[in-house]
Each structure stands twice: as C-alpha cells, then as structure tokens.
$ cat input19.txt   # compact mmCIF, C-alpha atoms
# COMPACT_ATOMS: atom_id res chain seq x y z
CA MET A 1 -17.64 -18.40 15.51
CA LEU A 2 -14.27 -19.41 14.16
CA HIS A 3 -13.75 -15.85 12.99
CA ALA A 4 -14.62 -14.43 16.41
CA ILE A 5 -12.05 -16.76 17.99
CA SER A 6 -9.37 -15.80 15.48
CA LEU A 7 -10.13 -12.10 16.03
CA THR A 8 -9.81 -12.58 19.79
CA ALA A 9 -6.50 -14.37 19.39
CA ILE A 10 -5.10 -11.71 17.06
CA LEU A 11 -6.23 -8.81 19.25
CA PHE A 12 -4.82 -10.39 22.39
CA GLY A 13 -1.56 -11.16 20.60
CA ALA A 14 -1.36 -7.53 19.50
CA TRP A 15 -2.01 -6.41 23.08
CA LEU A 16 0.78 -8.57 24.49
CA LEU A 17 3.16 -7.50 21.75
CA LEU A 18 2.54 -3.79 22.10
CA SER A 19 2.41 -3.59 25.89
CA GLY A 20 5.46 -5.76 26.53
CA TYR A 21 4.44 -6.22 30.19
CA PHE A 22 3.55 -9.70 31.30
CA THR A 23 2.22 -8.96 34.79
CA ALA A 24 -1.27 -9.40 36.19
CA LEU A 25 -2.72 -5.90 35.84
CA PRO A 26 -1.83 -5.19 32.18
CA ILE A 27 -2.94 -8.66 31.12
CA SER A 28 -6.29 -8.41 32.88
CA LEU A 29 -6.85 -4.98 31.33
CA GLY A 30 -5.96 -6.55 28.00
CA VAL A 31 -8.50 -9.33 28.45
CA LEU A 32 -11.10 -6.71 29.27
CA SER A 33 -10.43 -4.52 26.24
CA VAL A 34 -10.24 -7.49 23.87
CA ALA A 35 -13.62 -8.65 25.18
CA VAL A 36 -15.11 -5.20 24.62
CA ALA A 37 -13.61 -4.94 21.11
CA VAL A 38 -14.86 -8.39 20.05
CA GLY A 39 -18.26 -7.63 21.56
CA ILE A 40 -18.56 -4.42 19.55
CA ALA A 41 -17.39 -6.18 16.39
CA LEU A 42 -20.00 -8.90 16.88
CA ARG A 43 -22.71 -6.28 17.42
CA MET A 44 -21.62 -4.44 14.26
CA ASP A 45 -21.72 -7.75 12.41
CA VAL A 46 -18.39 -7.11 10.69
CA ILE A 47 -16.81 -10.47 11.47
CA ASP A 48 -16.97 -12.73 8.44
CA HIS A 49 -14.75 -14.61 6.03
CA GLU A 50 -13.63 -11.35 4.41
CA SER A 51 -12.39 -9.58 7.54
CA HIS A 52 -10.12 -12.51 8.30
CA PRO A 53 -9.98 -15.25 5.67
CA VAL A 54 -9.19 -18.10 8.09
CA HIS A 55 -9.66 -20.72 5.38
CA LEU A 56 -6.64 -19.31 3.52
CA THR A 57 -4.28 -19.24 6.52
CA TRP A 58 -2.40 -22.42 5.62
CA ARG A 59 -1.99 -21.68 1.94
CA ILE A 60 -1.21 -17.97 2.04
CA PRO A 61 2.47 -18.06 3.19
CA ALA A 62 3.52 -19.90 0.03
CA TYR A 63 1.66 -17.30 -2.03
CA TRP A 64 3.29 -14.47 -0.11
CA ILE A 65 6.75 -15.86 -0.82
CA TRP A 66 5.96 -16.15 -4.52
CA LEU A 67 4.52 -12.60 -4.51
CA LEU A 68 7.58 -11.28 -2.69
CA VAL A 69 9.85 -12.69 -5.42
CA GLN A 70 7.67 -11.03 -8.08
CA ILE A 71 7.72 -7.73 -6.20
CA VAL A 72 11.52 -7.80 -5.92
CA LYS A 73 11.89 -8.59 -9.62
CA SER A 74 9.56 -5.85 -10.81
CA ASN A 75 11.11 -3.41 -8.36
CA PHE A 76 14.43 -3.82 -10.15
CA ASP A 77 12.70 -3.34 -13.52
CA VAL A 78 10.92 -0.16 -12.42
CA ALA A 79 14.06 1.21 -10.76
CA ARG A 80 15.98 0.71 -14.02
CA THR A 81 13.17 2.38 -15.97
CA ILE A 82 13.24 5.38 -13.62
CA LEU A 83 16.98 5.74 -14.03
CA GLY A 84 16.58 5.54 -17.79
CA VAL A 85 18.63 2.38 -18.37
CA GLY A 86 15.82 -0.17 -18.59
CA ASP A 87 12.71 -0.46 -20.72
CA PRO A 88 11.47 2.90 -21.99
CA ILE A 89 8.44 4.40 -20.29
CA ALA A 90 5.38 3.37 -22.24
CA PRO A 91 2.33 3.79 -20.01
CA ASN A 92 -0.68 1.82 -21.12
CA VAL A 93 -4.00 0.70 -19.74
CA VAL A 94 -4.92 -2.97 -20.05
CA THR A 95 -7.78 -5.11 -18.86
CA VAL A 96 -7.31 -8.39 -17.02
CA LYS A 97 -10.03 -10.98 -16.69
CA PRO A 98 -9.43 -12.74 -13.37
CA SER A 99 -10.44 -16.39 -13.23
CA GLN A 100 -11.24 -16.31 -9.51
CA ARG A 101 -14.80 -17.18 -8.56
CA THR A 102 -15.14 -15.33 -5.29
CA GLU A 103 -14.93 -11.59 -4.72
CA LEU A 104 -12.27 -12.23 -2.09
CA GLY A 105 -10.07 -13.99 -4.65
CA GLN A 106 -10.53 -11.18 -7.16
CA VAL A 107 -9.64 -8.60 -4.55
CA ILE A 108 -6.50 -10.55 -3.59
CA HIS A 109 -5.59 -10.61 -7.28
CA ALA A 110 -6.20 -6.86 -7.73
CA ASN A 111 -4.25 -6.01 -4.59
CA SER A 112 -1.34 -8.20 -5.69
CA ILE A 113 -1.29 -6.32 -9.00
CA THR A 114 -1.18 -3.02 -7.12
CA LEU A 115 1.53 -4.24 -4.79
CA THR A 116 3.77 -5.14 -7.72
CA PRO A 117 5.48 -1.94 -8.90
CA GLY A 118 4.96 -1.25 -12.57
CA THR A 119 1.30 -2.25 -12.48
CA ILE A 120 -1.56 -0.69 -10.51
CA SER A 121 -5.14 -1.87 -10.63
CA VAL A 122 -7.40 1.11 -11.28
CA GLU A 123 -10.72 -0.57 -10.77
CA LEU A 124 -12.32 -3.95 -10.30
CA GLU A 125 -15.79 -4.13 -11.72
CA ASP A 126 -17.96 -6.84 -13.25
CA GLY A 127 -15.15 -9.36 -12.96
CA GLU A 128 -12.67 -7.24 -14.88
CA ILE A 129 -9.61 -5.49 -13.52
CA THR A 130 -8.46 -2.34 -15.28
CA VAL A 131 -4.70 -2.04 -14.87
CA HIS A 132 -2.34 0.84 -15.51
CA ALA A 133 1.10 -0.44 -16.51
CA LEU A 134 4.28 1.59 -16.62
CA THR A 135 6.09 -0.22 -19.41
CA ARG A 136 5.18 -2.57 -22.20
CA ALA A 137 7.11 -5.37 -20.50
CA SER A 138 5.13 -5.07 -17.27
CA ALA A 139 1.87 -5.23 -19.20
CA GLU A 140 3.09 -8.32 -21.03
CA ASP A 141 4.11 -9.91 -17.74
CA LEU A 142 0.56 -9.52 -16.58
CA ALA A 143 -0.87 -10.97 -19.78
CA THR A 144 0.94 -14.29 -19.20
CA GLY A 145 -1.57 -14.97 -16.43
CA ALA A 146 0.97 -16.39 -13.99
CA MET A 147 -0.42 -14.34 -11.10
CA ASP A 148 -3.97 -15.23 -12.05
CA GLY A 149 -3.14 -18.94 -11.86
CA ARG A 150 -1.43 -18.54 -8.49
CA VAL A 151 -4.34 -16.66 -6.95
CA SER A 152 -6.80 -19.22 -8.28
CA LYS A 153 -4.70 -21.96 -6.72
CA LEU A 154 -4.65 -20.04 -3.45
CA GLU A 155 -8.41 -19.70 -3.60
CA GLY A 156 -8.51 -23.46 -4.04
CA ALA A 157 -11.50 -25.74 -3.98
CA ALA A 158 -12.79 -24.44 -0.65
CA MET B 159 25.44 3.60 8.35
CA LEU B 160 22.23 4.46 10.17
CA ALA B 161 23.08 8.11 9.62
CA PHE B 162 23.41 7.36 5.90
CA VAL B 163 19.97 5.73 5.87
CA THR B 164 18.53 8.72 7.72
CA VAL B 165 19.98 11.09 5.13
CA ALA B 166 18.64 8.91 2.30
CA VAL B 167 15.16 8.92 3.79
CA LEU B 168 15.32 12.69 4.29
CA LEU B 169 16.46 13.10 0.69
CA THR B 170 13.51 11.05 -0.52
CA MET B 171 11.19 13.21 1.55
CA ALA B 172 12.72 16.34 0.02
CA LEU B 173 12.21 14.98 -3.50
CA ALA B 174 8.61 14.09 -2.71
CA LEU B 175 8.05 17.53 -1.21
CA ALA B 176 9.42 19.11 -4.39
CA ARG B 177 6.78 17.18 -6.30
CA ALA B 178 4.13 18.27 -3.81
CA LEU B 179 5.06 21.89 -4.40
CA ARG B 180 5.17 21.55 -8.18
CA GLY B 181 1.90 19.70 -8.55
CA PRO B 182 0.49 20.04 -11.18
CA THR B 183 -2.66 18.16 -10.15
CA THR B 184 -4.15 17.71 -6.69
CA PHE B 185 -3.50 13.99 -6.97
CA ASP B 186 0.22 14.54 -7.44
CA ARG B 187 0.21 16.47 -4.21
CA ILE B 188 -1.77 13.83 -2.34
CA LEU B 189 0.57 11.13 -3.66
CA ALA B 190 3.64 13.12 -2.65
CA VAL B 191 2.29 13.85 0.80
CA SER B 192 1.34 10.23 1.41
CA MET B 193 4.84 9.22 0.35
CA VAL B 194 6.30 11.73 2.82
CA SER B 195 4.21 10.21 5.58
CA THR B 196 5.34 6.67 4.78
CA LYS B 197 8.90 7.95 4.90
CA THR B 198 8.16 9.61 8.24
CA THR B 199 7.28 6.20 9.66
CA LEU B 200 10.64 4.90 8.48
CA LEU B 201 12.47 7.99 9.67
CA VAL B 202 11.06 7.69 13.18
CA ALA B 203 12.05 4.01 13.30
CA VAL B 204 15.58 4.63 11.98
CA VAL B 205 16.18 7.64 14.22
CA GLY B 206 15.02 5.57 17.18
CA PHE B 207 17.79 3.07 16.40
CA LEU B 208 20.29 5.85 15.69
CA PHE B 209 19.75 7.37 19.13
CA GLY B 210 19.54 3.95 20.77
CA ARG B 211 15.94 4.39 21.80
CA PRO B 212 13.88 1.63 20.16
CA ASP B 213 10.80 2.76 22.09
CA PHE B 214 10.39 5.27 19.26
CA LEU B 215 8.90 2.32 17.38
CA ASP B 216 5.55 2.79 19.10
CA ILE B 217 5.35 6.24 17.55
CA ALA B 218 6.30 4.82 14.16
CA LEU B 219 3.59 2.20 14.50
CA LEU B 220 1.00 4.81 15.31
CA TYR B 221 2.19 6.92 12.38
CA ALA B 222 1.82 4.01 9.98
CA LEU B 223 -1.80 3.61 11.03
CA ILE B 224 -2.64 7.32 10.98
CA ASN B 225 -1.18 7.63 7.45
CA PHE B 226 -3.63 5.17 6.08
CA VAL B 227 -6.64 6.75 7.76
CA GLY B 228 -5.42 10.21 6.74
CA ALA B 229 -4.95 9.30 3.09
CA ILE B 230 -8.38 7.69 2.89
CA ALA B 231 -9.97 10.67 4.66
CA VAL B 232 -8.45 13.17 2.23
CA LEU B 233 -9.60 11.12 -0.77
CA LYS B 234 -13.06 10.67 0.65
CA PHE B 235 -13.32 14.38 1.26
CA TYR B 236 -12.16 15.06 -2.28
CA LYS B 237 -14.66 12.66 -3.77
CA TYR B 238 -17.74 13.52 -1.75
CA GLY B 239 -17.01 16.97 -0.36
CA SER B 240 -17.90 15.73 3.11
CA LEU B 241 -16.78 13.20 5.70
CA GLY B 242 -20.26 12.20 6.80
CA LEU B 243 -21.74 8.74 7.17
CA ALA B 244 -21.30 6.36 4.27
CA SER B 245 -25.07 5.94 3.90
CA HIS B 246 -25.39 9.68 3.33
CA LEU B 247 -22.54 9.72 0.87
CA GLU B 248 -23.63 6.90 -1.38
CA ASP B 249 -25.77 9.01 -3.68
CA ALA B 250 -23.65 12.12 -3.54
CA PRO B 251 -22.43 13.44 -6.89
CA GLY B 252 -18.76 13.89 -7.74
CA PRO B 253 -16.73 16.91 -6.73
CA THR B 254 -17.57 18.93 -9.84
CA GLU B 255 -21.29 19.14 -9.18
CA ALA B 256 -20.73 19.26 -5.43
CA GLU B 257 -23.93 19.30 -3.51
CA ARG B 258 -24.45 18.78 0.20
CA PRO B 259 -25.37 15.14 0.80
CA GLY B 260 -28.21 16.27 3.04
CA ALA B 261 -29.92 17.96 0.09
CA ASP B 262 -30.13 14.70 -1.87
CA GLY B 263 -33.52 13.97 -3.31
CA PRO B 264 -34.62 10.46 -4.26
CA ASP B 265 -33.53 11.18 -7.85
CA ALA B 266 -29.91 11.79 -6.84
CA THR B 267 -28.92 8.31 -8.09
CA ALA B 268 -29.31 9.55 -11.64
CA ALA B 269 -26.34 11.87 -11.16
CA ARG B 270 -24.16 9.07 -9.83
CA ASP B 271 -22.71 7.96 -13.13
CA PRO B 272 -19.10 9.11 -12.86
CA ALA B 273 -18.04 11.80 -15.27
CA ARG B 274 -14.99 10.57 -17.12
CA MET C 275 26.70 -15.37 13.88
CA ASP C 276 26.39 -11.81 15.13
CA GLY C 277 28.82 -10.64 12.49
CA ILE C 278 26.82 -12.22 9.67
CA LEU C 279 23.61 -10.68 10.94
CA ASP C 280 25.26 -7.27 11.15
CA VAL C 281 26.59 -7.50 7.60
CA LEU C 282 23.16 -8.58 6.38
CA ALA C 283 21.59 -5.65 8.22
CA TRP C 284 23.93 -3.16 6.55
CA ILE C 285 23.28 -4.67 3.12
CA LEU C 286 19.51 -4.51 3.61
CA LEU C 287 19.62 -0.96 4.99
CA GLY C 288 21.86 0.24 2.17
CA ALA C 289 19.72 -1.35 -0.53
CA GLY C 290 16.58 0.07 1.07
CA ALA C 291 18.08 3.55 1.15
CA VAL C 292 19.05 3.28 -2.53
CA PHE C 293 15.59 2.08 -3.59
CA SER C 294 13.96 4.80 -1.53
CA VAL C 295 16.00 7.53 -3.23
CA ILE C 296 15.37 6.00 -6.68
CA GLY C 297 11.63 6.24 -5.99
CA GLY C 298 12.11 9.86 -5.00
CA ILE C 299 13.97 10.57 -8.23
CA GLY C 300 11.15 8.86 -10.11
CA MET C 301 8.65 11.19 -8.46
CA LEU C 302 10.39 14.10 -10.15
CA ARG C 303 11.42 12.47 -13.41
CA LEU C 304 8.36 10.58 -14.59
CA PRO C 305 6.00 12.41 -16.93
CA ASP C 306 2.50 12.15 -15.47
CA PHE C 307 0.53 11.33 -12.35
CA TYR C 308 -0.14 7.67 -13.15
CA THR C 309 3.48 6.90 -13.93
CA ARG C 310 4.55 8.67 -10.73
CA MET C 311 2.38 6.27 -8.77
CA HIS C 312 4.72 3.49 -9.91
CA ALA C 313 7.69 5.43 -8.57
CA ALA C 314 5.90 5.83 -5.25
CA GLY C 315 5.31 2.07 -5.37
CA VAL C 316 9.06 1.44 -5.46
CA THR C 317 9.70 3.44 -2.29
CA ASP C 318 6.63 2.11 -0.54
CA THR C 319 7.46 -1.55 -1.19
CA MET C 320 11.17 -2.24 -1.52
CA GLY C 321 12.42 0.93 0.14
CA ALA C 322 10.30 0.62 3.26
CA TRP C 323 10.48 -3.17 3.53
CA LEU C 324 14.24 -3.42 3.13
CA ILE C 325 14.90 -0.70 5.70
CA LEU C 326 12.53 -2.32 8.19
CA ALA C 327 14.05 -5.75 7.52
CA GLY C 328 17.51 -4.27 8.07
CA LEU C 329 16.42 -2.79 11.39
CA MET C 330 15.00 -6.19 12.35
CA CYS C 331 18.40 -7.75 11.69
CA LEU C 332 20.01 -5.09 13.88
CA ALA C 333 17.55 -5.64 16.72
CA GLY C 334 17.82 -9.42 16.77
CA PRO C 335 15.08 -11.72 18.06
CA THR C 336 13.50 -9.35 20.60
CA LEU C 337 10.21 -7.59 21.21
CA VAL C 338 11.59 -4.69 19.16
CA SER C 339 11.83 -6.98 16.14
CA ALA C 340 8.25 -8.09 16.66
CA LYS C 341 7.12 -4.46 16.64
CA LEU C 342 9.06 -3.84 13.44
CA ALA C 343 7.36 -6.88 11.94
CA LEU C 344 4.02 -5.40 12.96
CA ILE C 345 4.87 -2.12 11.19
CA LEU C 346 5.90 -4.15 8.14
CA PHE C 347 2.62 -6.02 8.24
CA PHE C 348 0.58 -2.82 8.46
CA LEU C 349 2.43 -1.29 5.53
CA PHE C 350 1.94 -4.52 3.56
CA MET C 351 -1.81 -4.48 4.23
CA THR C 352 -2.63 -0.78 3.99
CA GLY C 353 -0.29 0.17 1.13
CA PRO C 354 -2.22 -1.32 -1.78
CA SER C 355 -5.56 -0.10 -0.41
CA ALA C 356 -4.36 3.49 -0.14
CA THR C 357 -2.74 3.34 -3.59
CA HIS C 358 -5.88 1.91 -5.13
CA ALA C 359 -8.10 4.50 -3.44
CA LEU C 360 -5.92 7.29 -4.79
CA ILE C 361 -5.70 6.02 -8.37
CA LYS C 362 -9.41 5.24 -8.51
CA THR C 363 -10.35 8.71 -7.28
CA ALA C 364 -8.05 10.26 -9.89
CA TRP C 365 -9.50 8.00 -12.59
CA TYR C 366 -13.09 8.92 -11.79
CA ALA C 367 -12.23 12.60 -11.48
CA GLY C 368 -11.41 12.36 -15.18
CA LEU C 369 -7.63 12.62 -15.11
CA LYS C 370 -6.44 11.15 -18.40
CA PRO C 371 -3.42 8.86 -18.31
CA LEU C 372 -0.61 9.45 -20.75
CA THR C 373 -0.63 6.50 -23.13
CA THR C 374 1.63 5.41 -25.91
CA ASP C 375 -0.13 3.35 -28.51
CA ALA C 376 2.64 3.13 -31.06
CA PRO C 377 5.00 0.26 -30.23
CA GLY C 378 8.71 0.76 -30.03
CA LYS C 379 10.72 3.45 -28.33
CA SER C 380 8.32 6.22 -27.44
CA GLY C 381 7.14 8.09 -24.42
CA GLU C 382 10.59 8.72 -23.01
CA ALA C 383 10.34 10.97 -20.00
CA PRO C 384 10.87 14.64 -20.67
CA PRO C 385 13.74 15.63 -18.42
CA SER C 386 12.27 18.75 -16.89
CA LYS C 387 8.72 19.95 -17.45
CA PRO C 388 5.94 17.55 -16.46

$ encode --input "input19.txt" --output "structure tokens"
Amino acid sequence: MLHAISLTAILFGAWLLLSGYFTALPISLGVLSVAVAVGIALRMDVIDHESHPVHLTWRIPAYWIWLLVQIVKSNFDVARTILGVGDPIAPNVVTVKPSQRTELGQVIHANSITLTPGTISVELEDGEITVHALTRASAEDLATGAMDGRVSKLEGAA
Amino acid sequence: MLAFVTVAVLLTMALALARALRGPTTFDRILAVSMVSTKTTLLVAVVGFLFGRPDFLDIALLYALINFVGAIAVLKFYKYGSLGLASHLEDAPGPTEAERPGADGPDATAARDPAR
Amino acid sequence: MDGILDVLAWILLGAGAVFSVIGGIGMLRLPDFYTRMHAAGVTDTMGAWLILAGLMCLAGPTLVSAKLALILFFLFMTGPSATHALIKTAWYAGLKPLTTDAPGKSGEAPPSKP
C-alpha cells in the first residue's frame, strides 16, 4: 500500500511539474490520469519494493553524494587515459563478490559500478559481478571494496 | 558561451558518427548511435536556451525517454530476432541460430545456453 | 548573487563541453568495443550532467530548472541500464574483450586502425 501511495505522489508530482498549469481543469485531468495509471499498475501487480524502494529513501541521498564524488574522480582518470597522459590502457575482466544480501542491493552495486566510468558490470549472476575495467588502477580501486561496503551500509539492517 | 557548448556537442556527435560509420562491429554502431541520441537530448536543451525558448525542454525530456526505449528495443531485436512478448522470447535461441519464437518446441530450453 | 551563479554556470557548461568532446575523442581513439564503452561513459555521465547543471544555474529556481532536473534524473536512472544491456548483449554474442595480462606498460592504444 505504501508503494501505491508513493507511486501516486510521484506521478502527480510529475504531472504538475510537466504541465506547469495550476488551474482546475488540468489538475482534475491529472488526478484522473494518475488514478488510471495507478489502477493499471495495481492490476499488473508491478508495484513492489523493487519498483520504488521506499525503505531506502532516507539513506540514499548520502550514498548518491558519495557516488557522485567517485564518478567525478574516475571521470578525470578516464579522461586522462583517453588523452594518453594518465594510466595506460590495460583492459581487464575481474570478478567482484558483492556482500549484499538482497537482489536489490546487488543490483544497486552493479549499477553503481556501471555508472562509474572506467568500470562496467557485464553480468550479475549467482552473486558474482563480472566487471570490465579500462585500466589496472580502476580494477584495483574496485578490489578495495569501498563501494561494496557503502552499498551494504545503504542496504542496512532493514 | 552557449554557442560554444552547442558546437562542442555537435563535435561530439560528429566523432560518434565517425565511429558509427567505421564500425567494425554492430555493437560499436549501436554504442555510437546511442551516444548521438544522448547528445541530441543535450543539444535540444542547449539550443532551447540559446534561442531563448526553454519550452524546448519538453522535447528534450521526451527524447531522453525515447532513447532508452529505442536502445533497449534494438538490443532486444538483436538478441531474439523479434520484438514479441517476453514469454515467447524466453526460450528463443541467440541470433546465430535464429529461429522464430513461435516455432519453439518444448525442448528449446536446451539451446538456451549462450554461445560464448 | 546573480553574478556568482552566472560564473558558475559558465564554468559548468565549459567543463561539460570539454568532457563531452574528450569522450568523443575516446570513441575514435580507444582500441576495442569494450574500452569504447568507457569513453561513452565519460560523455554520458560528466558531459551530460555538467551541461544540464550549467543550464540549471542559468535558469535559476524556476519550473525550467525542475524540468532540467527531471531530465538529469532520467539520464541518471536509464544510463546504466542501457549501458549494461548493450555490454551484456555483446558479451553473450561472443565478442571477445581485448585483455592485457602482462603487468606494466602494455596495451597502449594504436593511433589509427581499430
């Protein structure tokens, strides 16, 4: 139920934001279409903790900020590699064992790896992430397990 | 300054298009084209500001969403040779031994192991 | 206040343009498909985000900024999924990545032919 409410709130927020009109007719049309959309989603049974992880809402901004710093850092590394002044190109494929317990946590971890330039997760299967890394340094960065720890903390005890 | 950003985005698109023309694999082309479409989103947004018409942003927003669906559709088509229902596609073999999903027998799962 | 925001906007836009072009150069310079995906990652993250953030600074706290934030959010959410779908399809189609097993300085990009 919580997820249905959060979906309604998000959809209605998106409606207000995109229409930009705050008069009676557009808002009532918005209420109508949000109701139809949520009704269809409920019928399709696609509303669950994976479509909108409500339980992470309060912890995720801190993680995003940390991730943003990582992305900026590795962007500079990859840019230097491309221009030929940084680490030499040494593509390699490594495997990471994520310590997250839930699939959602593992997917967040894999997506964070992809989002960081220099490393892309190729597949996530049987609790192992196969990662393609551009340079030796980016692979070593991953091996320190800093991201793994952060995602596990984000996942929390819940 | 906005003109400079526009030129930079156009230059990036040109470089990506060069890669799309050169290939050599299909995936290089898909990657290049998806990069061009991300840049198109940016270009529409920047040009909207350049011409003082921020309502262009709605188009950019739509473009950002269509990109994603388009990229996934192309990859799905490549992998399964069809854009049918997911339940029909599940047992379909890879692109090399392409077979219509409708012709799948019950033993089609045996062919599912991906060929590396 | 307005002046500071403007300067910040120009800095962000300029940096975004530079990162975007660097990614484009990487698309041509890097040796194989998997390494080129990293170059595309540079343009798709820093390039796009910085330019959108710069435009947000130009627009100020208006509905326009909110729309830009929405575009930013969509790119943030769909980017990794599309990248992962592409690399996984390539992987299962049997495209071999270029790897360098010997440590040290190896695998430098050939300047012209891929």

$ residues_near_point --input "input19.txt" --point "(2.8, -5.5, 7.2)" --cutoff "12 Å" --atoms "only C-alpha atoms" --output "ChimeraX atom specification"
/A:64 /B:219,222-223 /C:318-319,322-323,326-327,340-354

$ residues_around --input "input19.txt" --residues "Ala229 (chain B)" --least-positions-apart "4" --cutoff "9 Å" --atoms "all atoms listed in the file" --output "PyMOL selection string"
(chain B and resi 188-189+191-192+224-225+233-234) or (chain C and resi 356+359-360)

$ closest_residue --input "input19.txt" --among "B:Ile230, B:Thr170, B:Phe162, B:Val205" --to "Gly297 (chain C)" --atoms "all atoms listed in the file"
B:Thr170

$ closest_residue --input "input19.txt" --among "B:Ala231, B:Gly239, B:Met171, B:Ile217" --to "chain A" --atoms "only C-alpha atoms"
B:Ile217

$ interface_residues --input "input19.txt" --of "chain C" --to "chain A" --cutoff "8 Å" --atoms "all atoms listed in the file" --output "ChimeraX atom specification"
/C:293,296-297,299-300,303-304,308-309,312-313,315-316,319-320,337,340-341,353-355,357-358,361-362,365,371-375,379-383

$ closest_atom_pairs --input "input19.txt" --of "chain C" --to "chain B" --cutoff "6 Å" --atoms "only C-alpha atoms" --output "tab-separated table"
residue	atom	partner	partner_atom	distance
C:Ala291	CA	B:Ala166	CA	5.5
C:Val295	CA	B:Thr170	CA	5.1
C:Gly298	CA	B:Thr170	CA	4.8
C:Phe307	CA	B:Asp186	CA	5.9
C:Ile345	CA	B:Leu219	CA	5.6
C:Tyr366	CA	B:Arg274	CA	5.9
C:Gly368	CA	B:Arg274	CA	4.4

$ atom_distance --input "input19.txt" --atom1 "CA of His109 (chain A)" --atom2 "CA of Thr130 (chain A)"
11.9 Å
